[in-house]
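Okay, structure first, notes after.
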Amino acid sequence: MGRLAVVVVAAGKGSRMRTQESKQYLELQGKPILVHTLSLFQRIDEVDTIVLVTGVDDVVRCSGYVEQFGLSKVHHIVPGGAERQHSVHIGLQQLGPDVEWVMVHDGVRPLVSAEHVLSCWRMAQAAEAAVLAVPVKDTIKVVNNAGTIQSTPDRRSLWAIQTPQAFRLSMLKQAYEQADRDGFTGTDDAMLVERIGTPVQVVESDYCNIKITTPEDLRWAEWIMDNVRGENKG
Ligand SMILES: Nc1ccn([C@@H]2O[C@H](COP(=O)(O)OP(=O)(O)OP(=O)(O)O)[C@@H](O)[C@H]2O)c(=O)n1
Ligand SMILES: C[C@](O)(CO)[C@H](O)COP(=O)(O)O
C-alpha cells in the first residue's frame with residue numbers, strides 16, 4: 001500500500017474571527033487549535049507524514065509546537081501563499097514520489113473524527129478522490145445583488161463540503177498545475193479535481209466537523225470537544 005501524507009493548511013489570517021492572533025493559534029481546552037488538529041493526524045497509524053503550511057512569521061513557533069507536543073510525523077513546515085489554494089499547492093510540492101495518497105485538511109477543523117478521516121481515505125483508494133461532507137439542513141436560495149431570490153435548488157442534491165479531502169497525489173498535483181495554468185482559483189481542492197474530469201466521491205461525515213471561522217464557533221467547538229469528541233483533545 002502506498003504511503004499516505006496529510007497537508008494541513010494553516011496560513012490564513014482568520015479575518016472573520018476578528019482577533020489579533022490568527023485563529024489557528026487561539027486556545028481550545030488550553031492548547032492551540034492547530035495543535036489539536038495536528039495531534040489527531042499524529043495519532044492515526046495509517047498517516048506516514050504531515051506537511052504543515054503556515055504563515056511566514058509562524059514557522060518558528062510551529063517548530064516549537066512540534067517539539068513540545070511530540071508531533072514527530074510533521075516532517076515539513078513551510079510558509080504558505082496568499083490564498084488557501086496557493087498554500088495547498090506549496091504543501092503538495094514538499095511531497096516526493098514515495099507518497100501515493102494525500103489528504104488535505106484545514107488547520108482550523110480540529111473536530112473531525114478519526115473514523116471519518118479513515119472512511120474518506122478508504123473511499124479515495126477505491127475512487128481516486130473523496131471528500132467529507134454533510135447534507136445541508138437549511139433550505140438554500142440563490143439570491144442576486146439586490147437581495148432578491150432567484151431560485152431554490154433541490155436540497156436533496158446539496159451537501160456542505162468539509163475536509164479532509166483525499167486524493168491520489170499524482171492526480172491532485174496535475175489538477176493544481178492545470179488550475180495554475182488556467183488562472184483558476186477554487187475554494188476547495190475537489191473543485192480543481194472536478195475540472196480536470198476526475199469524479200469526486202462524497203463521504204458522509206457529521207455536523208461536529210466544523211471549520212472554526214467566526215467568534216461563536218469557538219464556544220461551539222469547546223462544547224463539542226467536551227461533550228462529543230473527548231478523543232480529539234490533542
Ligand atoms: N492563504 C491561506 C488562506 C487560508 N489558509 C487555511 O485554509 C483553511 C481554511 O480557510 P479559512 O477558514 O477561510 O481561514 P482564513 O483564510 O484564515 O479565514 P478568513 O477567510 O476569515 O480570513 C484555514 O486553516 C486557513 O489557515 C491557508 O493555509 N492559506
Ligand atoms: C475547503 C473548505 O473547508 C470546504 O468547506 C472551505 O471551502 C475552505 O474555506 P474558505 O473559507 O473558502 O477558505
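Ordering of the C-alpha cells sets the chain letters (A, B, ...); residue numbers start at 1 within each chain; ligands are numbered from 1 in the order shown.
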
Could I get the residue neighbourhood of ligand 1 at 10 Å, counting only C-alpha atoms and all ligand atoms, as a VMD selection string? chain A and resid 7 to 18 22 to 25 33 to 34 37 52 to 55 79 to 91 104 to 110 162 to 163 187 to 188 210 to 214

With C-alpha atoms retained, write the just-selected residues as a PDB file, in the first residue's frame.
ATOM      1  CA  VAL A   7      -1.162  18.520   4.124  1.00  0.00           C
ATOM      2  CA  VAL A   8      -2.520  20.689   6.945  1.00  0.00           C
ATOM      3  CA  VAL A   9      -3.082  24.262   5.773  1.00  0.00           C
ATOM      4  CA  ALA A  10      -2.827  26.938   8.439  1.00  0.00           C
ATOM      5  CA  ALA A  11      -1.501  30.015   6.660  1.00  0.00           C
ATOM      6  CA  GLY A  12      -4.713  32.046   6.751  1.00  0.00           C
ATOM      7  CA  LYS A  13      -5.200  35.311   8.625  1.00  0.00           C
ATOM      8  CA  GLY A  14      -8.571  34.426  10.135  1.00  0.00           C
ATOM      9  CA  SER A  15     -10.046  37.836   9.315  1.00  0.00           C
ATOM     10  CA  ARG A  16     -13.643  36.718  10.043  1.00  0.00           C
ATOM     11  CA  MET A  17     -12.624  35.754  13.589  1.00  0.00           C
ATOM     12  CA  ARG A  18     -11.632  39.397  14.186  1.00  0.00           C
ATOM     13  CA  SER A  22      -4.635  34.235  13.879  1.00  0.00           C
ATOM     14  CA  LYS A  23      -7.495  31.910  14.812  1.00  0.00           C
ATOM     15  CA  GLN A  24      -5.478  28.678  14.369  1.00  0.00           C
ATOM     16  CA  TYR A  25      -3.378  29.707  17.418  1.00  0.00           C
ATOM     17  CA  ILE A  33      -6.491  24.809  17.768  1.00  0.00           C
ATOM     18  CA  LEU A  34      -3.776  23.846  15.285  1.00  0.00           C
ATOM     19  CA  THR A  37      -5.643  19.207  14.556  1.00  0.00           C
ATOM     20  CA  LEU A  52       2.280  21.866   7.858  1.00  0.00           C
ATOM     21  CA  VAL A  53       1.749  25.026   5.806  1.00  0.00           C
ATOM     22  CA  THR A  54       1.782  28.096   7.971  1.00  0.00           C
ATOM     23  CA  GLY A  55       2.268  31.872   7.937  1.00  0.00           C
ATOM     24  CA  PRO A  79       5.259  29.204   4.588  1.00  0.00           C
ATOM     25  CA  GLY A  80       2.029  29.350   2.587  1.00  0.00           C
ATOM     26  CA  GLY A  81       0.628  31.693  -0.046  1.00  0.00           C
ATOM     27  CA  ALA A  82      -1.992  34.414  -0.442  1.00  0.00           C
ATOM     28  CA  GLU A  83      -4.985  32.095  -0.927  1.00  0.00           C
ATOM     29  CA  ARG A  84      -5.765  28.677   0.540  1.00  0.00           C
ATOM     30  CA  GLN A  85      -5.197  27.166  -2.914  1.00  0.00           C
ATOM     31  CA  HIS A  86      -1.645  28.572  -3.048  1.00  0.00           C
ATOM     32  CA  SER A  87      -0.927  27.218   0.415  1.00  0.00           C
ATOM     33  CA  VAL A  88      -2.124  23.743  -0.543  1.00  0.00           C
ATOM     34  CA  HIS A  89      -0.048  23.823  -3.732  1.00  0.00           C
ATOM     35  CA  ILE A  90       3.086  24.721  -1.764  1.00  0.00           C
ATOM     36  CA  GLY A  91       2.330  21.860   0.622  1.00  0.00           C
ATOM     37  CA  VAL A 104      -5.678  17.970   2.545  1.00  0.00           C
ATOM     38  CA  HIS A 105      -7.099  19.295   5.806  1.00  0.00           C
ATOM     39  CA  ASP A 106      -7.879  22.743   7.227  1.00  0.00           C
ATOM     40  CA  GLY A 107      -5.821  23.500  10.339  1.00  0.00           C
ATOM     41  CA  VAL A 108      -8.976  25.028  11.824  1.00  0.00           C
ATOM     42  CA  ARG A 109     -11.040  21.830  11.693  1.00  0.00           C
ATOM     43  CA  PRO A 110      -9.804  20.130  14.885  1.00  0.00           C
ATOM     44  CA  GLN A 162     -15.646  19.666   4.669  1.00  0.00           C
ATOM     45  CA  THR A 163     -12.085  18.451   4.939  1.00  0.00           C
ATOM     46  CA  THR A 187     -12.421  27.353  -2.596  1.00  0.00           C
ATOM     47  CA  ASP A 188     -11.646  23.690  -2.073  1.00  0.00           C
ATOM     48  CA  ILE A 210     -16.912  22.499  11.940  1.00  0.00           C
ATOM     49  CA  LYS A 211     -14.453  24.939  10.412  1.00  0.00           C
ATOM     50  CA  ILE A 212     -13.702  27.439  13.163  1.00  0.00           C
ATOM     51  CA  THR A 213     -14.415  30.656  11.275  1.00  0.00           C
ATOM     52  CA  THR A 214     -16.314  33.251  13.331  1.00  0.00           C
TER      53      THR A 214
END

Could you pull out the alpha helix (DSSP H) residues of stretch 23-83 of chain A, going by DSSP on the backbone, and write them as a ChimeraX atom specification? /A:33-43,59-68

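Taking only C-alpha atoms, the non-local environment of A:Glu222 within 10 Å (same-chain residues fewer than 3 positions away omitted) comprises Glu27, Leu28, Gln29, Leu111, Asp217, Leu218, Arg219, Met225, Asp226, Asn227, Val228 and Arg229 of chain A.
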
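Here atom CA of A:Glu100 is placed at a distance of 5.4 Å from atom CA of A:Arg3.
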
Skipping near chain neighbours, those fewer than 4 positions away, what residues fall within 9 Å of stretch 64-69 of chain A using only C-alpha atoms, listed as a PyMOL selection string? chain A and resi 35+38-39+59-60+73-74+234

Atoms to include: N, CA and C atoms. Write the selected residues as a PDB file, in the first residue's frame.
ATOM      1  N   VAL A  35      -2.739  22.707  17.169  1.00  0.00           N
ATOM      2  CA  VAL A  35      -2.098  21.550  17.840  1.00  0.00           C
ATOM      3  C   VAL A  35      -3.091  20.395  17.965  1.00  0.00           C
ATOM      4  N   LEU A  38      -3.249  18.797  14.460  1.00  0.00           N
ATOM      5  CA  LEU A  38      -2.051  18.011  14.129  1.00  0.00           C
ATOM      6  C   LEU A  38      -1.994  16.734  14.974  1.00  0.00           C
ATOM      7  N   SER A  39      -2.391  16.842  16.233  1.00  0.00           N
ATOM      8  CA  SER A  39      -2.320  15.680  17.126  1.00  0.00           C
ATOM      9  C   SER A  39      -3.248  14.570  16.646  1.00  0.00           C
ATOM     10  N   VAL A  59       6.547  30.051  11.316  1.00  0.00           N
ATOM     11  CA  VAL A  59       7.285  28.790  11.134  1.00  0.00           C
ATOM     12  C   VAL A  59       8.031  28.429  12.428  1.00  0.00           C
ATOM     13  N   VAL A  60       8.630  29.420  13.064  1.00  0.00           N
ATOM     14  CA  VAL A  60       9.437  29.126  14.254  1.00  0.00           C
ATOM     15  C   VAL A  60       8.552  28.637  15.402  1.00  0.00           C
ATOM     16  N   LYS A  73       5.425  13.227  13.277  1.00  0.00           N
ATOM     17  CA  LYS A  73       5.117  12.993  11.851  1.00  0.00           C
ATOM     18  C   LYS A  73       5.153  14.283  11.036  1.00  0.00           C
ATOM     19  N   VAL A  74       5.268  15.425  11.698  1.00  0.00           N
ATOM     20  CA  VAL A  74       5.350  16.697  10.953  1.00  0.00           C
ATOM     21  C   VAL A  74       6.784  16.823  10.430  1.00  0.00           C
ATOM     22  N   GLY A 234      -6.108  17.181  21.861  1.00  0.00           N
ATOM     23  CA  GLY A 234      -4.744  16.897  21.383  1.00  0.00           C
ATOM     24  C   GLY A 234      -3.726  16.820  22.483  1.00  0.00           C
TER      25      GLY A 234
END

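Within the 9 Å cut-off around stretch 115-129 of chain A, using only C-alpha atoms and omitting residues fewer than 3 positions from it on the same chain, the listed residues are Leu4, Phe41, Ile44, Glu46, Trp101, Val102, Met103, Val112, Leu132, Thr163, Pro164, Gln165, Ala166, Phe167, Arg168, Met171, Leu172, Ala190, Val193, Thr198, Pro199, Val200, Gln201, Val202, Val203, Glu204, Ser205 and Asp206 of chain A.
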
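Atom CA of A:Ala175 lies 16.6 Å from atom CA of A:Gly96.
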
Which of stretch 76-203 of chain A fall in strand (DSSP E), as a PyMOL selection string: chain A and resi 76-79+99-106+129-135+142-143+149-151+159-168+201-203

Residues from the last selection, N, CA and C atoms, saved as an mmCIF file, in the first residue's frame:
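Below you can see result-v6.cif, which holds the result:
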data_model
loop_
_atom_site.group_PDB
_atom_site.id
_atom_site.type_symbol
_atom_site.label_atom_id
_atom_site.label_comp_id
_atom_site.auth_asym_id
_atom_site.auth_seq_id
_atom_site.Cartn_x
_atom_site.Cartn_y
_atom_site.Cartn_z
ATOM 1 N N HIS A 76 7.653 18.530 7.492
ATOM 2 C CA HIS A 76 7.910 19.795 6.789
ATOM 3 C C HIS A 76 7.032 20.883 7.389
ATOM 4 N N ILE A 77 7.629 22.050 7.604
ATOM 5 C CA ILE A 77 6.834 23.237 7.987
ATOM 6 C C ILE A 77 7.233 24.329 7.007
ATOM 7 N N VAL A 78 6.276 24.751 6.186
ATOM 8 C CA VAL A 78 6.623 25.692 5.111
ATOM 9 C C VAL A 78 5.657 26.877 5.113
ATOM 10 N N PRO A 79 6.155 28.050 4.689
ATOM 11 C CA PRO A 79 5.259 29.204 4.588
ATOM 12 C C PRO A 79 4.303 29.078 3.412
ATOM 13 N N VAL A 99 5.226 9.044 -1.980
ATOM 14 C CA VAL A 99 3.879 9.251 -1.418
ATOM 15 C C VAL A 99 2.852 8.996 -2.513
ATOM 16 N N GLU A 100 1.894 8.099 -2.217
ATOM 17 C CA GLU A 100 0.879 7.778 -3.232
ATOM 18 C C GLU A 100 -0.442 8.506 -2.984
ATOM 19 N N TRP A 101 -0.774 8.702 -1.702
ATOM 20 C CA TRP A 101 -2.070 9.289 -1.345
ATOM 21 C C TRP A 101 -1.859 10.523 -0.491
ATOM 22 N N VAL A 102 -2.761 11.505 -0.673
ATOM 23 C CA VAL A 102 -2.651 12.705 0.159
ATOM 24 C C VAL A 102 -4.039 13.124 0.638
ATOM 25 N N MET A 103 -4.079 13.579 1.872
ATOM 26 C CA MET A 103 -5.302 14.212 2.382
ATOM 27 C C MET A 103 -4.966 15.668 2.670
ATOM 28 N N VAL A 104 -5.850 16.551 2.241
ATOM 29 C CA VAL A 104 -5.678 17.970 2.545
ATOM 30 C C VAL A 104 -6.687 18.317 3.630
ATOM 31 N N HIS A 105 -6.205 18.987 4.677
ATOM 32 C CA HIS A 105 -7.099 19.295 5.806
ATOM 33 C C HIS A 105 -6.861 20.726 6.289
ATOM 34 N N ASP A 106 -7.964 21.393 6.660
ATOM 35 C CA ASP A 106 -7.879 22.743 7.227
ATOM 36 C C ASP A 106 -7.356 22.664 8.658
ATOM 37 N N ALA A 129 -10.617 9.920 -5.567
ATOM 38 C CA ALA A 129 -10.855 11.237 -4.958
ATOM 39 C C ALA A 129 -12.094 11.174 -4.081
ATOM 40 N N ALA A 130 -11.985 11.673 -2.836
ATOM 41 C CA ALA A 130 -13.128 11.644 -1.923
ATOM 42 C C ALA A 130 -13.035 12.801 -0.945
ATOM 43 N N VAL A 131 -14.211 13.314 -0.556
ATOM 44 C CA VAL A 131 -14.251 14.415 0.415
ATOM 45 C C VAL A 131 -15.299 14.108 1.474
ATOM 46 N N LEU A 132 -15.079 14.618 2.680
ATOM 47 C CA LEU A 132 -16.120 14.529 3.708
ATOM 48 C C LEU A 132 -17.138 15.638 3.475
ATOM 49 N N ALA A 133 -18.376 15.343 3.818
ATOM 50 C CA ALA A 133 -19.444 16.325 3.617
ATOM 51 C C ALA A 133 -20.649 15.940 4.451
ATOM 52 N N VAL A 134 -21.548 16.910 4.643
ATOM 53 C CA VAL A 134 -22.833 16.626 5.304
ATOM 54 C C VAL A 134 -23.966 17.189 4.451
ATOM 55 N N PRO A 135 -25.121 16.513 4.468
ATOM 56 C CA PRO A 135 -26.269 17.075 3.738
ATOM 57 C C PRO A 135 -26.675 18.406 4.367
ATOM 58 N N VAL A 142 -30.636 30.879 -4.084
ATOM 59 C CA VAL A 142 -29.696 31.696 -4.866
ATOM 60 C C VAL A 142 -30.299 33.103 -4.884
ATOM 61 N N VAL A 143 -29.496 34.091 -4.440
ATOM 62 C CA VAL A 143 -30.005 35.460 -4.244
ATOM 63 C C VAL A 143 -29.154 36.421 -5.065
ATOM 64 N N ILE A 149 -34.530 36.692 -4.312
ATOM 65 C CA ILE A 149 -34.312 35.260 -4.556
ATOM 66 C C ILE A 149 -34.474 34.959 -6.036
ATOM 67 N N GLN A 150 -33.505 34.239 -6.559
ATOM 68 C CA GLN A 150 -33.535 33.861 -7.976
ATOM 69 C C GLN A 150 -34.023 32.431 -8.168
ATOM 70 N N SER A 151 -33.617 31.558 -7.249
ATOM 71 C CA SER A 151 -34.027 30.158 -7.385
ATOM 72 C C SER A 151 -33.800 29.417 -6.069
ATOM 73 N N TRP A 159 -24.862 19.398 -0.548
ATOM 74 C CA TRP A 159 -24.016 18.911 0.545
ATOM 75 C C TRP A 159 -23.051 20.026 0.935
ATOM 76 N N ALA A 160 -22.823 20.188 2.232
ATOM 77 C CA ALA A 160 -21.818 21.150 2.714
ATOM 78 C C ALA A 160 -20.485 20.403 2.805
ATOM 79 N N ILE A 161 -19.502 20.898 2.096
ATOM 80 C CA ILE A 161 -18.238 20.166 1.946
ATOM 81 C C ILE A 161 -17.265 20.529 3.062
ATOM 82 N N GLN A 162 -16.610 19.500 3.573
ATOM 83 C CA GLN A 162 -15.646 19.666 4.669
ATOM 84 C C GLN A 162 -14.254 19.212 4.209
ATOM 85 N N THR A 163 -13.360 19.145 5.146
ATOM 86 C CA THR A 163 -12.085 18.451 4.939
ATOM 87 C C THR A 163 -11.973 17.422 6.065
ATOM 88 N N PRO A 164 -11.113 16.373 5.892
ATOM 89 C CA PRO A 164 -10.152 16.194 4.825
ATOM 90 C C PRO A 164 -10.781 15.871 3.475
ATOM 91 N N GLN A 165 -9.961 16.186 2.446
ATOM 92 C CA GLN A 165 -10.266 15.808 1.073
ATOM 93 C C GLN A 165 -9.076 14.943 0.635
ATOM 94 N N ALA A 166 -9.384 13.747 0.154
ATOM 95 C CA ALA A 166 -8.327 12.741 -0.075
ATOM 96 C C ALA A 166 -8.219 12.400 -1.556
ATOM 97 N N PHE A 167 -6.974 12.259 -2.033
ATOM 98 C CA PHE A 167 -6.740 12.065 -3.465
ATOM 99 C C PHE A 167 -5.490 11.220 -3.696
ATOM 100 N N ARG A 168 -5.442 10.635 -4.919
ATOM 101 C CA ARG A 168 -4.161 10.115 -5.383
ATOM 102 C C ARG A 168 -3.264 11.336 -5.629
ATOM 103 N N GLN A 201 -15.927 11.533 -5.004
ATOM 104 C CA GLN A 201 -16.976 10.909 -4.196
ATOM 105 C C GLN A 201 -17.147 11.660 -2.874
ATOM 106 N N VAL A 202 -18.397 11.758 -2.443
ATOM 107 C CA VAL A 202 -18.683 12.359 -1.147
ATOM 108 C C VAL A 202 -18.839 11.239 -0.110
ATOM 109 N N VAL A 203 -18.234 11.443 1.048
ATOM 110 C CA VAL A 203 -18.368 10.500 2.167
ATOM 111 C C VAL A 203 -19.078 11.249 3.289
#

Mind checking which residues fall within 7 Å of A:His75, counting only C-alpha atoms, ignoring those fewer than 6 positions away in the same chain, and posting them as a ChimeraX atom specification? /A:49-51

Only C-alpha atoms, please: the residues just picked out, written as an mmCIF file, in the first residue's frame.
data_model
loop_
_atom_site.group_PDB
_atom_site.id
_atom_site.type_symbol
_atom_site.label_atom_id
_atom_site.label_comp_id
_atom_site.auth_asym_id
_atom_site.auth_seq_id
_atom_site.Cartn_x
_atom_site.Cartn_y
_atom_site.Cartn_z
ATOM 1 C CA THR A 49 3.923 12.089 7.118
ATOM 2 C CA ILE A 50 2.423 15.530 7.736
ATOM 3 C CA VAL A 51 3.245 18.762 5.906
#

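Each of A:Asp189, A:Glu216, A:Glu194, A:Asp154 was compared to ligand 2 using only C-alpha atoms and all ligand atoms, and A:Asp189 turns out to be the nearest.
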
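Between atom CA of A:Val56 and atom 12 (O, counted along the ligand's line) of ligand 2 lies a distance of 20.2 Å.
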
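Between ligand 2 and the candidates A:Leu169, A:Ile224, A:Leu192, A:Ala5, the tightest atom-to-atom separation, counting only C-alpha atoms and all ligand atoms, involves A:Leu192.
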
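Ranking A:Trp220, A:Asp58, A:Glu231, A:Thr185 by their shortest atom-to-atom distance to ligand 2, with only C-alpha atoms and all ligand atoms included, puts A:Thr185 first.
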
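Using only C-alpha atoms and all ligand atoms, the shortest contact distance between ligand 2 and any of A:Ala179, A:Gly197, A:Gly186, A:Gln20 is found at A:Gly186.
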
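Restricting the calculation to only C-alpha atoms and all ligand atoms, the smallest distance between ligand 2 and any of A:Leu71, A:Ala146, A:Met191, A:Cys62 is found for A:Met191.
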